[in-house]
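Q: Take a look at final-v6.txt, compact mmCIF, C-alpha atoms:
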# COMPACT_ATOMS: atom_id res chain seq x y z
CA MET A 40 153.14 100.09 -64.14
CA LEU A 41 152.60 96.34 -64.14
CA LEU A 42 154.76 94.24 -61.89
CA LYS A 43 156.86 91.60 -63.61
CA ASP A 44 156.03 88.63 -61.38
CA ILE A 45 152.63 87.76 -59.91
CA ARG A 46 154.37 87.05 -56.60
CA ASP A 47 155.18 90.76 -56.41
CA TYR A 48 151.43 91.38 -56.28
CA GLN A 49 151.12 88.83 -53.48
CA ILE A 50 153.81 90.65 -51.49
CA LEU A 51 152.14 94.00 -52.16
CA PHE A 52 148.67 92.78 -51.15
CA LEU A 53 149.81 90.92 -48.02
CA GLY A 54 151.77 93.97 -46.94
CA LEU A 55 148.68 96.10 -47.53
CA PHE A 56 146.60 93.74 -45.40
CA LEU A 57 149.10 94.07 -42.55
CA VAL A 58 148.97 97.86 -42.67
CA LEU A 59 145.18 97.78 -42.97
CA GLY A 60 144.76 95.38 -40.06
CA ILE A 61 146.97 97.41 -37.77
CA GLY A 62 145.39 100.71 -38.82
CA THR A 63 141.70 99.75 -38.84
CA ARG A 64 141.39 96.74 -36.56
CA ASP A 65 143.69 97.89 -33.76
CA TRP A 66 145.59 94.59 -33.67
CA THR A 67 147.88 93.99 -30.71
CA LEU A 68 150.68 93.34 -33.18
CA ARG A 69 154.29 94.15 -32.44
CA PRO A 70 156.14 95.41 -35.56
CA GLU A 71 159.44 93.98 -34.32
CA PHE A 72 157.92 90.49 -34.48
CA ILE A 73 157.12 91.02 -38.18
CA GLY A 74 160.75 92.06 -38.63
CA VAL A 75 161.86 88.88 -36.91
CA ALA A 76 159.66 86.79 -39.22
CA ILE A 77 161.00 88.48 -42.35
CA ALA A 78 164.65 88.31 -41.28
CA THR A 79 164.38 84.65 -40.19
CA CYS A 80 162.60 83.56 -43.38
CA LEU A 81 165.18 85.29 -45.59
CA ALA A 82 168.12 83.95 -43.57
CA THR A 83 166.76 80.39 -43.53
CA GLN A 84 166.04 80.51 -47.26
CA TRP A 85 169.58 81.76 -47.95
CA ILE A 86 171.31 79.18 -45.74
CA LEU A 87 169.32 76.19 -46.99
CA SER A 88 169.65 77.34 -50.62
CA LEU A 89 173.44 77.38 -50.19
CA VAL A 90 173.39 73.91 -48.63
CA ILE A 91 171.20 72.44 -51.37
CA SER A 92 173.27 74.12 -54.08
CA HIS A 93 176.45 72.65 -52.63
CA TRP A 94 174.99 69.14 -52.42
CA SER A 95 173.53 69.22 -55.92
CA LEU A 96 176.47 70.90 -57.66
CA ALA A 97 177.67 67.59 -59.05
CA LYS A 98 174.27 67.11 -60.72
CA ASN A 99 174.32 70.65 -62.18
CA LYS A 100 171.10 71.39 -60.35
CA GLY A 101 171.63 74.50 -58.26
CA GLN A 102 169.02 76.03 -55.96
CA SER A 103 168.40 79.76 -56.47
CA LEU A 104 167.67 82.14 -53.60
CA ASN A 105 163.89 82.55 -53.73
CA ILE A 106 163.46 85.87 -51.95
CA ARG A 107 159.85 86.32 -53.08
CA SER A 108 158.74 83.01 -51.57
CA ALA A 109 160.43 83.82 -48.26
CA LEU A 110 158.79 87.27 -48.13
CA ILE A 111 155.34 85.85 -48.88
CA THR A 112 155.75 83.26 -46.12
CA SER A 113 156.93 85.84 -43.59
CA LEU A 114 154.05 88.23 -44.38
CA GLY A 115 151.58 85.35 -44.05
CA LEU A 116 152.98 84.55 -40.61
CA GLY A 117 152.76 88.21 -39.64
CA LEU A 118 149.10 88.33 -40.65
CA LEU A 119 147.97 85.18 -38.88
CA LEU A 120 150.32 84.15 -36.08
CA ARG A 121 150.46 85.86 -32.70
CA ALA A 122 153.08 85.23 -30.01
CA ASP A 123 154.31 86.58 -26.68
CA HIS A 124 158.01 86.14 -27.47
CA TRP A 125 160.08 86.88 -30.55
CA THR A 126 161.69 83.43 -30.33
CA THR A 127 158.30 81.86 -31.09
CA MET A 128 158.03 83.86 -34.31
CA ALA A 129 161.60 82.92 -35.22
CA ILE A 130 160.86 79.22 -34.68
CA ALA A 131 157.73 79.42 -36.82
CA ALA A 132 159.56 81.27 -39.62
CA ALA A 133 162.57 78.95 -39.65
CA LEU A 134 160.44 75.78 -39.71
CA ALA A 135 158.13 77.26 -42.35
CA ILE A 136 161.00 77.74 -44.80
CA ALA A 137 162.73 74.49 -43.80
CA SER A 138 159.55 72.54 -44.61
CA LYS A 139 159.98 73.42 -48.30
CA PHE A 140 163.40 71.78 -48.38
CA ILE A 141 162.68 68.80 -46.10
CA PHE A 142 159.21 67.60 -47.07
CA GLN A 143 159.58 67.06 -50.80
CA VAL A 144 158.52 64.37 -53.24
CA GLY A 145 159.89 64.66 -56.76
CA ASP A 146 161.32 68.13 -56.08
CA LYS A 147 157.89 69.39 -54.98
CA HIS A 148 157.06 70.41 -51.40
CA PHE A 149 153.59 69.48 -50.21
CA PHE A 150 153.21 71.55 -47.03
CA ASN A 151 152.16 75.19 -47.32
CA PRO A 152 155.14 76.92 -45.64
CA ALA A 153 153.20 79.52 -43.65
CA ASN A 154 150.67 76.93 -42.54
CA PHE A 155 153.46 74.57 -41.46
CA GLY A 156 155.10 77.35 -39.47
CA ILE A 157 151.84 78.26 -37.73
CA ILE A 158 151.03 74.69 -36.73
CA SER A 159 154.63 74.08 -35.62
CA ALA A 160 154.48 77.13 -33.34
CA LEU A 161 151.14 76.01 -31.90
CA ILE A 162 152.51 72.54 -31.16
CA LEU A 163 156.03 73.34 -30.01
CA THR A 164 155.55 76.55 -28.00
CA PRO A 165 153.18 77.55 -25.18
CA ASN A 166 152.72 81.18 -26.24
CA ALA A 167 151.52 81.05 -29.86
CA TRP A 168 147.97 81.49 -31.06
CA VAL A 169 145.89 82.37 -34.11
CA SER A 170 142.94 84.76 -34.03
CA PRO A 171 140.52 83.72 -36.81
CA GLY A 172 138.10 86.53 -35.95
CA GLN A 173 140.63 89.35 -36.11
CA TRP A 174 139.14 90.77 -39.31
CA GLY A 175 135.59 90.89 -37.98
CA GLU A 176 132.73 90.52 -40.45
CA GLU A 177 132.61 93.86 -42.26
CA TRP A 178 131.60 93.41 -45.89
CA TRP A 179 134.23 95.71 -47.41
CA TYR A 180 137.06 93.52 -46.12
CA GLY A 181 135.51 90.64 -48.04
CA LEU A 182 135.34 92.69 -51.23
CA LEU A 183 138.97 93.70 -50.81
CA PHE A 184 140.13 90.12 -50.30
CA VAL A 185 138.08 88.77 -53.21
CA GLY A 186 139.30 91.55 -55.51
CA THR A 187 142.99 91.21 -54.71
CA GLY A 188 142.81 87.43 -54.47
CA GLY A 189 141.05 87.33 -57.82
CA ILE A 190 143.98 89.13 -59.45
CA ILE A 191 146.36 86.46 -58.16
CA LEU A 192 144.14 83.47 -58.97
CA GLN A 193 143.35 84.74 -62.46
CA ARG A 194 147.06 84.74 -63.24
CA VAL A 195 147.93 81.39 -61.67
CA GLY A 196 144.71 79.63 -62.71
CA ARG A 197 143.68 78.22 -59.33
CA TRP A 198 140.11 79.50 -58.98
CA ASP A 199 138.94 75.88 -59.00
CA THR A 200 140.57 75.26 -55.62
CA THR A 201 138.98 78.28 -53.95
CA ALA A 202 135.58 77.54 -55.50
CA ALA A 203 135.67 73.88 -54.44
CA PHE A 204 136.64 74.74 -50.87
CA LEU A 205 134.21 77.61 -50.31
CA GLY A 206 131.40 75.89 -52.22
CA SER A 207 131.60 72.60 -50.31
CA TYR A 208 132.17 74.25 -46.94
CA SER A 209 129.25 76.66 -47.37
CA LEU A 210 127.02 73.76 -48.48
CA LEU A 211 127.88 71.75 -45.37
CA GLU A 212 127.18 74.75 -43.16
CA ALA A 213 123.85 75.34 -44.96
CA ILE A 214 122.76 71.72 -44.39
CA ARG A 215 123.70 71.98 -40.72
CA ASN A 216 121.84 75.29 -40.42
CA LEU A 217 118.68 73.75 -41.89
CA TRP A 218 119.00 70.63 -39.72
CA LEU A 219 119.23 72.71 -36.54
CA GLY A 220 116.47 75.08 -37.64
CA TRP A 221 118.58 78.19 -37.21
CA THR A 222 117.90 81.48 -38.96
CA TRP A 223 120.04 82.38 -41.97
CA ASP A 224 121.76 85.24 -40.21
CA VAL A 225 123.57 82.58 -38.17
CA TYR A 226 124.69 80.94 -41.41
CA TRP A 227 126.06 84.18 -42.88
CA HIS A 228 127.71 84.99 -39.57
CA ARG A 229 129.74 81.76 -39.82
CA LEU A 230 130.76 82.39 -43.42
CA MET A 231 131.46 86.13 -43.43
CA SER A 232 134.92 85.88 -41.95
CA GLY A 233 137.89 87.77 -43.32
CA SER A 234 140.26 85.08 -42.11
CA LEU A 235 138.28 82.37 -43.92
CA LEU A 236 138.49 84.34 -47.17
CA LEU A 237 142.21 84.99 -46.71
CA PHE A 238 142.73 81.26 -46.22
CA ALA A 239 140.63 80.33 -49.27
CA LEU A 240 142.17 82.93 -51.57
CA PHE A 241 145.82 83.11 -50.50
CA MET A 242 146.81 79.98 -48.54
CA ILE A 243 144.96 76.96 -49.90
CA THR A 244 145.73 78.09 -53.47
CA ASP A 245 149.54 78.04 -53.22
CA PRO A 246 150.27 76.58 -56.70
CA ARG A 247 153.62 75.05 -55.70
CA SER A 248 152.29 72.80 -52.92
CA ILE A 249 148.77 71.81 -54.00
CA PRO A 250 147.83 68.99 -56.45
CA ASN A 251 148.90 69.56 -60.05
CA SER A 252 145.72 68.38 -61.80
CA ARG A 253 142.39 70.19 -61.67
CA ILE A 254 140.44 67.13 -60.53
CA GLY A 255 143.08 66.51 -57.86
CA ARG A 256 142.77 70.08 -56.59
CA VAL A 257 138.98 69.88 -56.46
CA VAL A 258 139.01 66.58 -54.55
CA TRP A 259 141.70 67.91 -52.20
CA ALA A 260 139.83 71.17 -51.49
CA ILE A 261 136.57 69.31 -50.80
CA CYS A 262 138.38 67.02 -48.34
CA ILE A 263 139.85 70.04 -46.53
CA ALA A 264 136.41 71.68 -46.38
CA GLY A 265 134.92 68.49 -44.93
CA LEU A 266 137.61 68.14 -42.27
CA THR A 267 137.32 71.85 -41.43
CA PHE A 268 133.58 71.44 -40.94
CA ILE A 269 134.06 68.46 -38.62
CA LEU A 270 136.81 70.06 -36.55
CA ARG A 271 134.93 73.33 -36.18
CA ASN A 272 131.45 72.01 -35.41
CA TYR A 273 132.12 68.77 -33.54
CA PHE A 274 135.47 69.46 -31.87
CA PHE A 275 134.92 73.23 -31.54
CA ILE A 276 138.39 74.15 -32.85
CA SER A 277 138.34 77.79 -33.93
CA THR A 278 141.48 77.36 -36.07
CA ALA A 279 140.03 74.32 -37.87
CA VAL A 280 141.00 75.46 -41.39
CA PHE A 281 144.71 75.55 -40.53
CA TRP A 282 144.70 72.14 -38.88
CA ALA A 283 142.73 70.65 -41.79
CA LEU A 284 145.21 71.96 -44.36
CA PHE A 285 148.15 70.70 -42.31
CA ALA A 286 146.63 67.23 -41.82
CA LEU A 287 145.67 66.73 -45.46
CA ALA A 288 148.72 68.31 -47.11
CA PRO A 289 150.39 64.88 -47.67
CA LEU A 290 147.29 63.81 -49.64
CA THR A 291 148.75 65.90 -52.47
CA ILE A 292 151.32 63.15 -53.09
CA LEU A 293 148.63 60.51 -53.72
CA LEU A 294 146.49 62.82 -55.86
CA ASP A 295 149.46 63.70 -58.07
CA VAL A 296 150.00 59.98 -58.66
CA LEU A 297 146.33 59.26 -59.40
CA TRP A 298 145.90 62.21 -61.78
CA LEU A 299 149.07 63.13 -63.63
CA ALA A 300 149.50 66.73 -64.75
CA PRO A 301 152.40 69.13 -65.37
CA ARG A 302 153.82 70.75 -62.27
CA PHE A 303 153.14 74.48 -61.88
CA ALA A 304 156.04 76.82 -62.66
CA TRP A 305 156.15 80.57 -62.23
CA GLN A 306 156.26 82.44 -65.57
CA GLU A 307 159.54 84.12 -64.79
CA LYS A 308 161.16 80.77 -64.03
CA ASP A 309 159.82 79.36 -67.29
CA GLU A 310 161.28 82.27 -69.24
CA GLU A 311 164.68 81.80 -67.57
CA ALA A 312 164.59 78.08 -68.36
CA GLY A 313 163.71 78.83 -71.97
CA GLU A 314 166.57 81.29 -72.31
CA GLU A 315 168.97 78.75 -70.84
CA LEU A 316 167.73 76.11 -73.27
CA LEU A 317 168.24 78.45 -76.23
CA THR A 318 171.74 79.26 -75.03
CA GLN A 319 172.62 75.58 -74.78
CA HIS A 320 171.47 74.95 -78.36
CA SER A 321 172.94 78.09 -79.95
What do you get writing this file as C-alpha cells?
A:
Amino acid sequence: MLLKDIRDYQILFLGLFLVLGIGTRDWTLRPEFIGVAIATCLATQWILSLVISHWSLAKNKGQSLNIRSALITSLGLGLLLRADHWTTMAIAAALAIASKFIFQVGDKHFFNPANFGIISALILTPNAWVSPGQWGEEWWYGLLFVGTGGIILQRVGRWDTTAAFLGSYSLLEAIRNLWLGWTWDVYWHRLMSGSLLLFALFMITDPRSIPNSRIGRVVWAICIAGLTFILRNYFFISTAVFWALFALAPLTILLDVLWLAPRFAWQEKDEEAGEELLTQHS
C-alpha cells in the first residue's frame, strides 16, 4: 500500500534508521531522549501554530498543525544529536521547531530545523555532541541510504542538490588527495561515511528551506561543499557539514532573489488548496 504523503516515507525511513543504528551499531542511545525530542517537537509545533493562527486570524491566514514536519525533525535529532541530559535534547527540539516560525522571509523559513537544533545545542549547552562516524563505513549502509533517499528525492525533485554537493565535495577531496600523494583508499575512506550520505540525501535537500530555483540550489550546494571541505581539512572540525549548512542557510534568501522560481509545496497541501479554491468559486 502506497503512503499518501512523501513525508510519511521520510518518517518511516528515519525511524528505520534509528532502529537499525541501535540494533546493528550498538549506539549509546537512550530511548527516553528520543521520546523527549518527539514530545518537545510536537508540543512546540502545536503551541506556536496556535499563536500564529491567533495573530493571523484577521488576515484569514491560519497556520495548520504540521505533525509530519515535527516528527521528521525529532527523528533527525534522535539520529544525529547525542546528549548527557534530557534538557539538552528538549532545548534542541524546541529551538529547532521555533526556527521555522522565527527565521522567515516571505513565509519561507531558511534554516533546516534539525540542523538549527543541533547547532543550538552545541553552542548553548556543554553536554551535546554529534558523532559523524557512528555509521562506520560498511557499504550496505550506503546502499540503504541511497535507495531510501532516492525514493524521497525522486518525488520532491531535489536530486540536483545532492548531486551538486556530493560531486563538488568529492572533487575537492580528490584534488587534495592527488596533491598530497595519498593512495586512493584514503580518499574512499573519507567519502564512505553513512553520516555524510544521510546529510546529503535527507538534510541538505529539505525542499521547504533550500533555494527555490535549480541554479540557486546548485550554487548553494557547491558553496556548502566548499565550506565543508575547508572546515574539515584546515580547521579539523569533524562536524563540518552541519556547521557549513548552518552558516550558509541565510544565503538562500539572496539566491531566491537572484533566481526567481515557484516555492515548493507538498502535494497534499496543493490538493487542499485546490479544493478550497473550487469551493470558493462554486
Q: Kindly indicate which residue among A:Met242, A:Ala283, A:Val257, A:Leu297 lies nearest to A:Ala153, using only C-alpha atoms for the distances.
A: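 Once distances to A:Ala153 are computed over only C-alpha atoms, the minimum belongs to A:Met242.
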Q: Need to verify the contact set: A:Leu287, 12 Å, only C-alpha atoms, exclusion of same-chain residues closer than 2 positions in sequence. Can you return it as a PyMOL selection string?
A: chain A and resi 149-151+154-155+243+248-250+256+258-267+280-285+289-294
Q: Taking C-alpha atoms for each residue, export the selection above as a compact mmCIF listing (two decimals), in the coordinates of the input.
A:
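Final output, saved to selection_9.txt:
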# COMPACT_ATOMS: atom_id res chain seq x y z
CA PHE A 149 153.59 69.48 -50.21
CA PHE A 150 153.21 71.55 -47.03
CA ASN A 151 152.16 75.19 -47.32
CA ASN A 154 150.67 76.93 -42.54
CA PHE A 155 153.46 74.57 -41.46
CA ILE A 243 144.96 76.96 -49.90
CA SER A 248 152.29 72.80 -52.92
CA ILE A 249 148.77 71.81 -54.00
CA PRO A 250 147.83 68.99 -56.45
CA ARG A 256 142.77 70.08 -56.59
CA VAL A 258 139.01 66.58 -54.55
CA TRP A 259 141.70 67.91 -52.20
CA ALA A 260 139.83 71.17 -51.49
CA ILE A 261 136.57 69.31 -50.80
CA CYS A 262 138.38 67.02 -48.34
CA ILE A 263 139.85 70.04 -46.53
CA ALA A 264 136.41 71.68 -46.38
CA GLY A 265 134.92 68.49 -44.93
CA LEU A 266 137.61 68.14 -42.27
CA THR A 267 137.32 71.85 -41.43
CA VAL A 280 141.00 75.46 -41.39
CA PHE A 281 144.71 75.55 -40.53
CA TRP A 282 144.70 72.14 -38.88
CA ALA A 283 142.73 70.65 -41.79
CA LEU A 284 145.21 71.96 -44.36
CA PHE A 285 148.15 70.70 -42.31
CA PRO A 289 150.39 64.88 -47.67
CA LEU A 290 147.29 63.81 -49.64
CA THR A 291 148.75 65.90 -52.47
CA ILE A 292 151.32 63.15 -53.09
CA LEU A 293 148.63 60.51 -53.72
CA LEU A 294 146.49 62.82 -55.86
Q: Pick the closest to A:Ala286 from A:Ser92, A:Ala304, A:Gly54, A:Ile158: which is it, counting all atoms listed in the file?
A: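 Looking at the shortest contact to A:Ala286, the residue is A:Ile158.
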Q: Any idea what the distance is between atom CA of A:Thr244 and atom CA of A:Ile111?
A: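 One can read the atom CA of A:Thr244 to atom CA of A:Ile111 distance as 13.2 Å.
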Q: Excluding stretch 233-241 of chain A and its own-chain neighbours fewer than 3 positions away, which residues fall within 10 Å of it when counting only C-alpha atoms? Please give them as a count of residues only.
A: 46
Q: Between atom CA of A:Lys43 and atom CA of A:Ile91, what is the distance, to one decimal in Å?
A: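 Pair atom CA of A:Lys43 / atom CA of A:Ile91 returns 26.9 Å.
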Q: Box along x, y and z, 5 Å on every side, all listed atoms of stretch 231-235 of chain A inside: centre and edge lengths in Å to one decimal, as lines of an AutoDock Vina configuration file.
A:
center_x = 135.9
center_y = 85.1
center_z = -42.9
size_x = 18.8
size_y = 15.4
size_z = 12.0
Q: Please determine, counting only C-alpha atoms, which residue among A:Val296, A:Ala122, A:Leu114, A:Ile190 has the shortest atom-to-atom distance to A:Ala160.
A: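 Nearest to A:Ala160: A:Ala122.
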Q: Go ahead and compute the interatomic distance for atom CA of A:Asn166 and atom CA of A:Ser108, in Å to one decimal.
A: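 Atom-to-atom, atom CA of A:Asn166 to atom CA of A:Ser108, that is 26.1 Å.
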Q: Select, from A:Ile106, A:Val169, A:Met128, A:Leu161, the residue with the minimum atom-to-atom distance to A:Phe72, counting all atoms listed in the file.
A: A:Met128
Q: Between A:Ala167, A:Ala132, A:Leu68, A:Leu217, which one has atoms that come closest to A:Pro152, using all atoms listed in the file?
A: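 Of all the options, A:Ala132 lies closest to A:Pro152.
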Q: Would you please work out which residue, of A:Asn251, A:Thr127, A:Thr83, A:Asn105, is nearest to A:Gly196 when using only C-alpha atoms?
A: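 Checking each candidate against A:Gly196, we get A:Asn251 as the closest.
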